[in-house]
Structure formats: structure tokens, C-alpha cells
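With compact mmCIF, C-alpha atoms inside, this is entry_35.txt:
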# COMPACT_ATOMS: atom_id res chain seq x y z
CA MET Q 1 -4.84 -13.60 -14.97
CA ALA Q 2 -2.77 -16.75 -14.43
CA SER Q 3 -4.23 -19.16 -11.94
CA PRO Q 4 -2.15 -19.69 -8.78
CA ASP Q 5 -1.00 -23.16 -9.85
CA LYS Q 6 -0.64 -22.64 -13.57
CA HIS Q 7 2.80 -23.69 -14.82
CA ALA Q 8 4.96 -21.61 -17.16
CA PRO Q 9 5.63 -22.88 -20.69
CA ALA Q 10 7.61 -26.12 -20.81
CA GLY Q 11 11.30 -25.75 -21.53
CA LEU Q 12 11.59 -22.23 -20.13
CA ASP Q 13 15.23 -21.27 -19.46
CA VAL Q 14 14.79 -19.79 -15.99
CA GLU Q 15 18.46 -18.92 -15.57
CA ALA Q 16 18.62 -17.01 -18.86
CA LEU Q 17 15.36 -15.21 -18.10
CA ASN Q 18 16.60 -14.05 -14.70
CA ASP Q 19 19.99 -13.02 -16.06
CA GLU Q 20 18.15 -10.90 -18.63
CA LEU Q 21 16.00 -9.36 -15.89
CA ALA Q 22 19.08 -8.61 -13.79
CA ARG Q 23 20.85 -6.89 -16.67
CA GLU Q 24 17.81 -4.97 -17.87
CA HIS Q 25 16.83 -3.80 -14.37
CA PRO Q 26 20.01 -3.49 -12.25
CA ILE Q 27 18.94 -4.27 -8.71
CA ASP Q 28 21.15 -1.68 -6.99
CA ALA Q 29 19.66 1.05 -9.16
CA TYR Q 30 16.15 -0.23 -8.43
CA TYR Q 31 16.61 0.17 -4.67
CA GLU Q 32 18.58 3.41 -4.83
CA ARG Q 33 17.28 5.39 -7.81
CA SER Q 34 13.86 4.18 -8.84
CA PHE Q 35 10.86 6.55 -8.81
CA LEU Q 36 10.33 7.79 -5.22
CA PRO Q 37 6.96 6.06 -4.65
CA ILE Q 38 8.58 2.75 -5.65
CA ARG Q 39 11.43 3.30 -3.19
CA LEU Q 40 8.95 4.08 -0.41
CA ILE Q 41 6.91 0.95 -1.17
CA GLU Q 42 10.04 -1.20 -1.14
CA ARG Q 43 11.25 0.34 2.11
CA GLY Q 44 7.89 -0.59 3.58
CA ARG Q 45 8.25 -4.16 2.29
CA LEU Q 46 11.73 -4.44 3.82
CA ALA Q 47 10.46 -3.14 7.16
CA ILE Q 48 7.67 -5.75 7.18
CA ILE Q 49 10.14 -8.53 6.37
CA ARG Q 50 12.45 -7.38 9.16
CA ARG Q 51 9.55 -7.33 11.62
CA PHE Q 52 8.23 -10.73 10.57
CA ILE Q 53 11.68 -12.37 10.80
CA GLY Q 54 12.29 -10.98 14.28
CA PRO Q 55 15.60 -11.39 16.11
CA ALA Q 56 17.95 -13.33 13.84
CA ASP Q 57 21.28 -13.26 15.68
CA GLY Q 58 22.95 -16.65 15.31
CA LEU Q 59 20.13 -18.14 13.25
CA ASP Q 60 20.47 -19.99 9.96
CA LEU Q 61 18.65 -17.73 7.51
CA ALA Q 62 18.17 -18.39 3.79
CA GLU Q 63 16.75 -16.23 1.07
CA ILE Q 64 15.36 -18.00 -1.99
CA GLY Q 65 15.77 -15.67 -4.92
CA SER Q 66 18.25 -13.49 -3.07
CA GLY Q 67 18.72 -10.99 -5.89
CA GLY Q 68 21.41 -8.48 -4.98
CA GLY Q 69 21.39 -9.24 -1.25
CA HIS Q 70 19.47 -6.10 -0.25
CA VAL Q 71 17.11 -8.08 1.99
CA LEU Q 72 19.76 -10.27 3.61
CA ARG Q 73 21.97 -7.36 4.57
CA MET Q 74 19.32 -6.41 7.15
CA PHE Q 75 20.53 -9.44 9.16
CA PRO Q 76 24.26 -8.96 9.79
CA ARG Q 77 24.41 -11.37 12.74
CA ALA Q 78 22.68 -14.32 11.06
CA ARG Q 79 24.33 -17.20 9.22
CA ILE Q 80 23.16 -16.36 5.73
CA THR Q 81 22.53 -18.51 2.67
CA ALA Q 82 21.77 -16.61 -0.56
CA ILE Q 83 20.15 -18.79 -3.24
CA ASP Q 84 19.50 -17.56 -6.77
CA VAL Q 85 19.43 -18.92 -10.32
CA SER Q 86 21.24 -15.89 -11.76
CA ASP Q 87 25.00 -15.37 -11.67
CA VAL Q 88 24.35 -11.67 -12.31
CA PHE Q 89 22.27 -11.37 -9.14
CA LEU Q 90 24.67 -13.50 -7.10
CA ASP Q 91 27.67 -11.41 -8.14
CA THR Q 92 25.82 -8.32 -6.88
CA ALA Q 93 24.88 -10.11 -3.66
CA ARG Q 94 28.51 -11.05 -3.00
CA LYS Q 95 29.44 -7.39 -3.25
CA ASN Q 96 26.58 -6.18 -1.04
CA LEU Q 97 27.15 -8.89 1.59
CA ALA Q 98 30.92 -8.57 1.83
CA GLY Q 99 31.97 -9.20 5.44
CA TYR Q 100 28.82 -11.16 6.32
CA ASP Q 101 28.79 -14.80 7.39
CA ALA Q 102 27.31 -15.75 4.04
CA ARG Q 103 27.39 -18.48 1.44
CA PHE Q 104 26.07 -18.20 -2.09
CA LEU Q 105 24.34 -21.05 -3.91
CA LYS Q 106 23.24 -21.07 -7.52
CA GLY Q 107 20.22 -23.07 -8.61
CA GLU Q 108 16.49 -23.66 -8.32
CA VAL Q 109 15.89 -24.53 -4.69
CA ASP Q 110 13.41 -27.31 -5.42
CA LYS Q 111 16.08 -29.07 -7.48
CA MET Q 112 18.93 -28.61 -5.00
CA ASP Q 113 20.10 -31.35 -2.65
CA LEU Q 114 20.05 -29.28 0.53
CA PRO Q 115 19.58 -31.15 3.83
CA ALA Q 116 16.07 -31.12 5.24
CA ARG Q 117 15.40 -28.82 8.21
CA SER Q 118 18.42 -26.64 7.40
CA PHE Q 119 17.06 -23.21 8.27
CA ASP Q 120 15.46 -21.34 11.16
CA ARG Q 121 14.13 -18.63 8.86
CA ILE Q 122 13.50 -18.53 5.11
CA ILE Q 123 12.70 -15.46 3.04
CA CYS Q 124 11.19 -15.61 -0.43
CA THR Q 125 10.26 -12.11 -1.50
CA GLU Q 126 9.06 -10.97 -4.93
CA VAL Q 127 10.23 -14.28 -6.43
CA LEU Q 128 7.38 -16.73 -6.91
CA GLU Q 129 5.81 -14.69 -9.71
CA HIS Q 130 9.00 -15.40 -11.69
CA CYS Q 131 9.02 -19.19 -11.08
CA GLU Q 132 7.86 -21.94 -13.39
CA ASP Q 133 6.18 -23.84 -10.56
CA PRO Q 134 5.53 -21.75 -7.42
CA GLY Q 135 4.08 -24.78 -5.63
CA ALA Q 136 7.36 -26.66 -6.00
CA ILE Q 137 9.23 -23.76 -4.39
CA LEU Q 138 6.76 -23.61 -1.50
CA GLY Q 139 7.09 -27.37 -1.06
CA ALA Q 140 10.88 -27.01 -0.90
CA ILE Q 141 10.51 -24.34 1.79
CA THR Q 142 8.42 -26.72 3.93
CA ARG Q 143 11.18 -29.32 3.62
CA LEU Q 144 14.02 -26.94 4.47
CA LEU Q 145 12.36 -25.10 7.36
CA ARG Q 146 12.99 -26.29 10.91
CA PRO Q 147 9.91 -27.27 12.97
CA GLU Q 148 9.93 -24.08 15.06
CA GLY Q 149 11.01 -21.90 12.14
CA ALA Q 150 9.19 -19.30 10.08
CA ALA Q 151 9.08 -18.27 6.44
CA VAL Q 152 8.39 -14.76 5.20
CA ILE Q 153 6.95 -14.74 1.70
CA THR Q 154 5.86 -11.73 -0.35
CA VAL Q 155 4.45 -11.15 -3.82
CA PRO Q 156 3.43 -8.11 -5.83
CA ASN Q 157 -0.28 -7.46 -6.13
CA ASP Q 158 -0.05 -7.41 -9.92
CA PRO Q 159 -3.76 -6.91 -10.68
CA LEU Q 160 -3.67 -3.70 -8.63
CA ILE Q 161 -0.25 -2.62 -9.93
CA LEU Q 162 -1.18 -3.09 -13.58
CA GLY Q 163 -4.42 -1.20 -13.06
CA LEU Q 164 -2.60 1.71 -11.41
CA LYS Q 165 0.03 1.80 -14.15
CA GLY Q 166 -2.67 1.84 -16.80
CA PHE Q 167 -4.28 4.83 -15.11
CA VAL Q 168 -1.00 6.72 -14.61
CA ARG Q 169 0.00 6.21 -18.26
CA LYS Q 170 -2.98 8.38 -19.25
CA THR Q 171 -1.90 11.30 -17.06
CA PRO Q 172 0.82 13.95 -17.44
CA ILE Q 173 2.82 12.07 -14.80
CA GLY Q 174 2.78 8.97 -16.98
CA TRP Q 175 3.92 10.95 -20.01
CA ALA Q 176 6.79 12.43 -17.96
CA LEU Q 177 7.85 9.04 -16.62
CA GLY Q 178 7.89 7.37 -20.03
CA ASP Q 179 9.58 3.97 -19.87
CA ARG Q 180 10.42 4.43 -16.19
CA ILE Q 181 6.87 3.38 -15.36
CA GLU Q 182 7.94 -0.13 -16.37
CA TRP Q 183 10.77 -0.15 -13.82
CA GLY Q 184 10.56 -3.43 -11.94
CA GLY Q 185 10.23 -5.89 -14.82
CA ASP Q 186 6.54 -6.78 -14.70
CA ARG Q 187 6.84 -8.38 -18.13
CA TYR Q 188 8.99 -11.10 -16.57
CA HIS Q 189 6.20 -12.27 -14.28
CA LEU Q 190 4.91 -15.75 -15.12
CA HIS Q 191 2.07 -15.69 -12.55
CA THR Q 192 -0.17 -13.05 -11.02
CA TRP Q 193 -2.23 -13.13 -7.82
CA THR Q 194 -4.36 -10.90 -5.69
CA PRO Q 195 -3.36 -11.12 -2.00
CA ALA Q 196 -6.37 -13.32 -1.25
CA GLU Q 197 -5.55 -15.70 -4.10
CA PHE Q 198 -1.97 -15.96 -2.98
CA GLU Q 199 -2.91 -16.62 0.62
CA ARG Q 200 -5.07 -19.52 -0.51
CA LEU Q 201 -2.02 -20.96 -2.27
CA LEU Q 202 0.11 -20.51 0.85
CA GLU Q 203 -2.47 -22.29 2.99
CA ARG Q 204 -1.93 -25.47 1.00
CA PHE Q 205 1.55 -25.63 2.56
CA PHE Q 206 1.63 -23.48 5.71
CA ARG Q 207 -0.30 -21.84 8.46
CA VAL Q 208 -0.26 -18.08 7.89
CA THR Q 209 0.30 -16.32 11.22
CA HIS Q 210 0.68 -12.69 10.10
CA ARG Q 211 -0.12 -10.67 7.02
CA ALA Q 212 0.68 -7.08 6.07
CA ALA Q 213 0.94 -4.91 2.98
CA SER Q 214 3.12 -2.11 1.70
CA PRO Q 215 2.54 0.77 1.57
CA SER Q 216 -0.68 0.04 3.52
CA ASP Q 217 -3.62 -2.33 3.83
CA LEU Q 218 -5.68 0.21 1.90
CA LEU Q 219 -3.18 0.17 -0.97
CA PRO Q 220 -1.65 -3.33 -0.90
CA ILE Q 221 1.00 -3.06 -3.62
CA ARG Q 222 3.16 -5.69 -1.89
CA ALA Q 223 1.44 -8.53 -0.03
CA CYS Q 224 3.54 -9.96 2.80
CA PHE Q 225 2.95 -13.12 4.86
CA ARG Q 226 4.63 -14.80 7.81
CA CYS Q 227 4.14 -18.56 7.67
CA VAL Q 228 4.90 -21.55 9.89
CA LEU Q 229 4.69 -25.27 9.31
CA ARG Q 230 1.37 -26.96 9.97

Produce C-alpha cells that represent the structure in this file.
Amino acid sequence: MASPDKHAPAGLDVEALNDELAREHPIDAYYERSFLPIRLIERGRLAIIRRFIGPADGLDLAEIGSGGGHVLRMFPRARITAIDVSDVFLDTARKNLAGYDARFLKGEVDKMDLPARSFDRIICTEVLEHCEDPGAILGAITRLLRPEGAAVITVPNDPLILGLKGFVRKTPIGWALGDRIEWGGDRYHLHTWTPAEFERLLERFFRVTHRAASPSDLLPIRACFRCVLR
């Protein structure tokens, strides 16, 4: 297991890696046609994010690693900023957020010259496991978040997920699923954490006010945290 602050190999082309992920695992298909348990888990994650963000009408809301815009479209009355390193993901987000008060920025947020204290809410969901330096992204969030703001950050519980996949592969269900069991792109993850490990990383930067898991605390496939500045 990668340690929470272990960096990815030097010289990694993050844009190319994420473009490859986006093409290999189309994000619209993931949300709409993936295996039913996956869809239910992701619906649970989205519901937690919506609850942790709270009322967002008129707020400046950014998503770091916006993917196809499926999270941001839950907030039609916010002023939205979608940030991603992949043109493939951003093109999908533009389509899914048509008609929203939205702007689309390409780049790695820790290397972008965005004004400090720009956002009331920041979402970073299922992203940090793909980043070269998760700590740099978390540091950028602390710079961009307004003093009374909140960040909602989630990660997959990869140790649990990989263990469950290994078990399912040995069953008739696994044989029937075939390659679909890999849906989600786990091989693109540069870091893995248990929820407790990840919360310790978050606490270097934030105060964690709420925590939840999808589909449940007993089966925490997705670990979700609401954070505020210290």
C-alpha cells in the first residue's frame, strides 16, 4: 500500500494519464450503465456530497477534478468552476453543465494562479488517488477556500475494494462479469488509503467536521469528509 504522502514517479504526464482514463472509462457510461451495485454506491456518494455541501444558491463552488460534471450538476443555482487536467473530461462537463453558470479551467490546481479565498465551497471527490502529490492539492484547497467555507473530499477505500474484487473474481458472479469488474479504473490510482489513514492526512490541513461512507459505515467503499479551515 502506498503511504499517504508518497509521491508518484517523477516526470509522470498527469494530463495524458487522465485523458487515457477518460477514454478507457467514459464517465457518462460509468454513472449510467455500470454494474448496479456500483451505481448504488455512487448514488450514495453523491447524496453525501449534496448533504455536506448544504444550500449552495449563489455561492462560488469549485470542483477540483470535475470529471464529466456529474457532481456539479447537483448545484444548478451556484456559480460553478470546473477544474480538471483532462480535455476529454472537460468536454463532457461542458455538455453536462450546459445552461449552468459555469466556467471550465484546465490544469493542476496547485499550479494555477487562482486568487486566494475564491470559493465558498470546494469539492474534490475520487481525485486525490490519481494525483502525483495529494498534499499539494490539499494545500491548494486551504488557500482557495474562504474562511467560513467548507470542502467536501472523498476517496475510494481501495484496500477494501481490492479485497472484495479479489473475492468476487473467484465466484460465478466474477466469471460472469469478466472485465466489467475492473470498471472504475483502479489501475490508474497512484495512492491508496483506508478511511482512517486518509483522515489523518486531511487533519494535517483541515478540521474534519463530518464523515460518512457509501454505501454504509459497515461497508465503507467510499469515504467522505466535510472539512473546514483550522

Ala223 of chain Q: which residues within 8 Å, counting all atoms listed in the file, same-chain residues fewer than 3 positions away excluded, as a short mmCIF file (atom, residue, chain, number, x, y, z; two decimals) with C-alpha atoms, in the frame of the given file?
data_model
loop_
_atom_site.label_atom_id
_atom_site.label_comp_id
_atom_site.auth_asym_id
_atom_site.auth_seq_id
_atom_site.Cartn_x
_atom_site.Cartn_y
_atom_site.Cartn_z
CA THR Q 154 5.86 -11.73 -0.35
CA VAL Q 155 4.45 -11.15 -3.82
CA PRO Q 156 3.43 -8.11 -5.83
CA ASN Q 157 -0.28 -7.46 -6.13
CA PRO Q 195 -3.36 -11.12 -2.00
CA ARG Q 211 -0.12 -10.67 7.02
CA ALA Q 212 0.68 -7.08 6.07
CA ALA Q 213 0.94 -4.91 2.98
CA SER Q 214 3.12 -2.11 1.70
CA PRO Q 220 -1.65 -3.33 -0.90
#

Mind giving me the straight-line distance from atom CA of Ile80 of chain Q to atom CA of Glu108 of chain Q in Å, one decimal?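 Result for atom CA of Ile80 of chain Q versus atom CA of Glu108 of chain Q: 17.2 Å, one decimal.
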
With distances taken over all atoms listed in the file, which of Q:Val152, Q:Tyr188, Q:Arg51, Q:Leu40 is nearest to Ala22 of chain Q? Q:Tyr188

Among the residues Q:Ile27, Q:Ile122, Q:Ile49, Q:Leu190, the one that comes closest to Gly149 of chain Q [using all atoms listed in the file]: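 The closest residue to Gly149 of chain Q is Q:Ile122.
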
Choose the residue, out of Q:Pro147, Q:Gly44, Q:Gly65, Q:Pro159, that has the smallest atom-to-atom separation from Thr194 of chain Q; count all atoms listed in the file.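 Of Q:Pro147, Q:Gly44, Q:Gly65, Q:Pro159, the one nearest Thr194 of chain Q is Q:Pro159, counting all atoms listed in the file.
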
So that I can check the surroundings of Ile123 of chain Q, please list as JSON, numbers by chain every protein, DNA and RNA residue that reaches within 9 Å of it, counting only C-alpha atoms and ignoring chain neighbours fewer than 4 positions away. {"Q": [49, 53, 61, 62, 63, 64, 65, 66, 71, 72, 150, 151, 152, 153, 154]}

Please identify all polymer residues lying at most 12 Å from the point (24.8, -6.7, 6.8) (file coordinates), using all atoms listed in the file, and present the result as number ranges by chain. Q: 56-57, 69-80, 93-102

Could you jot down the atom CA of Leu21 of chain Q to atom CA of Cys224 of chain Q separation for me, Å, one decimal place?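 Value for the atom CA of Leu21 of chain Q-atom CA of Cys224 of chain Q distance: 22.5 Å.
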
Could you please give me, as number ranges by chain, the residues of protein, DNA or RNA lying at most 12 Å from (3.6, -11.5, -6.9) in the coordinate frame of the file, considering all atoms listed in the file? Q: 1-2, 4, 124-131, 134, 153-162, 184-186, 188-199, 201, 220-225

In Å to one decimal, how far is atom CA of Val85 of chain Q from atom CA of Lys111 of chain Q?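 One can read the atom CA of Lys111 of chain Q to atom CA of Val85 of chain Q distance as 11.1 Å.
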
Option closest in space to Ala29 of chain Q, from Q:Ser216, Q:Thr92, Q:Thr209, Q:Thr142 [counting all atoms listed in the file]: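 Among Q:Ser216, Q:Thr92, Q:Thr209, Q:Thr142, it is Q:Thr92 that comes nearest to Ala29 of chain Q.
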
Please complete segment 98-111 of chain Q so it has N, CA and C atoms, and hand it over as a PDB file, keeping the file's coordinate frame.
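So selection_36.pdb came out as:
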ATOM      1  N   ALA Q  98      29.522  -8.415   1.451  1.00  0.00           N
ATOM      2  CA  ALA Q  98      30.920  -8.570   1.830  1.00  0.00           C
ATOM      3  C   ALA Q  98      31.070  -8.357   3.336  1.00  0.00           C
ATOM      4  N   GLY Q  99      31.777  -9.285   3.993  1.00  0.00           N
ATOM      5  CA  GLY Q  99      31.970  -9.200   5.440  1.00  0.00           C
ATOM      6  C   GLY Q  99      30.915  -9.928   6.247  1.00  0.00           C
ATOM      7  N   TYR Q 100      29.844 -10.384   5.622  1.00  0.00           N
ATOM      8  CA  TYR Q 100      28.820 -11.160   6.320  1.00  0.00           C
ATOM      9  C   TYR Q 100      29.224 -12.635   6.386  1.00  0.00           C
ATOM     10  N   ASP Q 101      28.639 -13.345   7.329  1.00  0.00           N
ATOM     11  CA  ASP Q 101      28.790 -14.800   7.390  1.00  0.00           C
ATOM     12  C   ASP Q 101      27.796 -15.377   6.383  1.00  0.00           C
ATOM     13  N   ALA Q 102      28.236 -15.432   5.133  1.00  0.00           N
ATOM     14  CA  ALA Q 102      27.310 -15.750   4.040  1.00  0.00           C
ATOM     15  C   ALA Q 102      27.902 -16.760   3.081  1.00  0.00           C
ATOM     16  N   ARG Q 103      27.029 -17.607   2.556  1.00  0.00           N
ATOM     17  CA  ARG Q 103      27.390 -18.480   1.440  1.00  0.00           C
ATOM     18  C   ARG Q 103      26.409 -18.213   0.316  1.00  0.00           C
ATOM     19  N   PHE Q 104      26.835 -18.531  -0.901  1.00  0.00           N
ATOM     20  CA  PHE Q 104      26.070 -18.200  -2.090  1.00  0.00           C
ATOM     21  C   PHE Q 104      25.901 -19.457  -2.927  1.00  0.00           C
ATOM     22  N   LEU Q 105      24.644 -19.828  -3.188  1.00  0.00           N
ATOM     23  CA  LEU Q 105      24.340 -21.050  -3.910  1.00  0.00           C
ATOM     24  C   LEU Q 105      23.543 -20.721  -5.161  1.00  0.00           C
ATOM     25  N   LYS Q 106      23.947 -21.305  -6.265  1.00  0.00           N
ATOM     26  CA  LYS Q 106      23.240 -21.070  -7.520  1.00  0.00           C
ATOM     27  C   LYS Q 106      22.364 -22.275  -7.856  1.00  0.00           C
ATOM     28  N   GLY Q 107      21.108 -22.001  -8.189  1.00  0.00           N
ATOM     29  CA  GLY Q 107      20.220 -23.070  -8.610  1.00  0.00           C
ATOM     30  C   GLY Q 107      18.784 -22.803  -8.233  1.00  0.00           C
ATOM     31  N   GLU Q 108      17.905 -23.693  -8.682  1.00  0.00           N
ATOM     32  CA  GLU Q 108      16.490 -23.660  -8.320  1.00  0.00           C
ATOM     33  C   GLU Q 108      16.328 -24.505  -7.060  1.00  0.00           C
ATOM     34  N   VAL Q 109      15.826 -23.906  -6.006  1.00  0.00           N
ATOM     35  CA  VAL Q 109      15.890 -24.530  -4.690  1.00  0.00           C
ATOM     36  C   VAL Q 109      15.179 -25.872  -4.648  1.00  0.00           C
ATOM     37  N   ASP Q 110      14.123 -26.035  -5.430  1.00  0.00           N
ATOM     38  CA  ASP Q 110      13.410 -27.310  -5.420  1.00  0.00           C
ATOM     39  C   ASP Q 110      14.186 -28.418  -6.096  1.00  0.00           C
ATOM     40  N   LYS Q 111      15.252 -28.070  -6.798  1.00  0.00           N
ATOM     41  CA  LYS Q 111      16.080 -29.070  -7.480  1.00  0.00           C
ATOM     42  C   LYS Q 111      17.455 -29.217  -6.832  1.00  0.00           C
TER      43      LYS Q 111
END
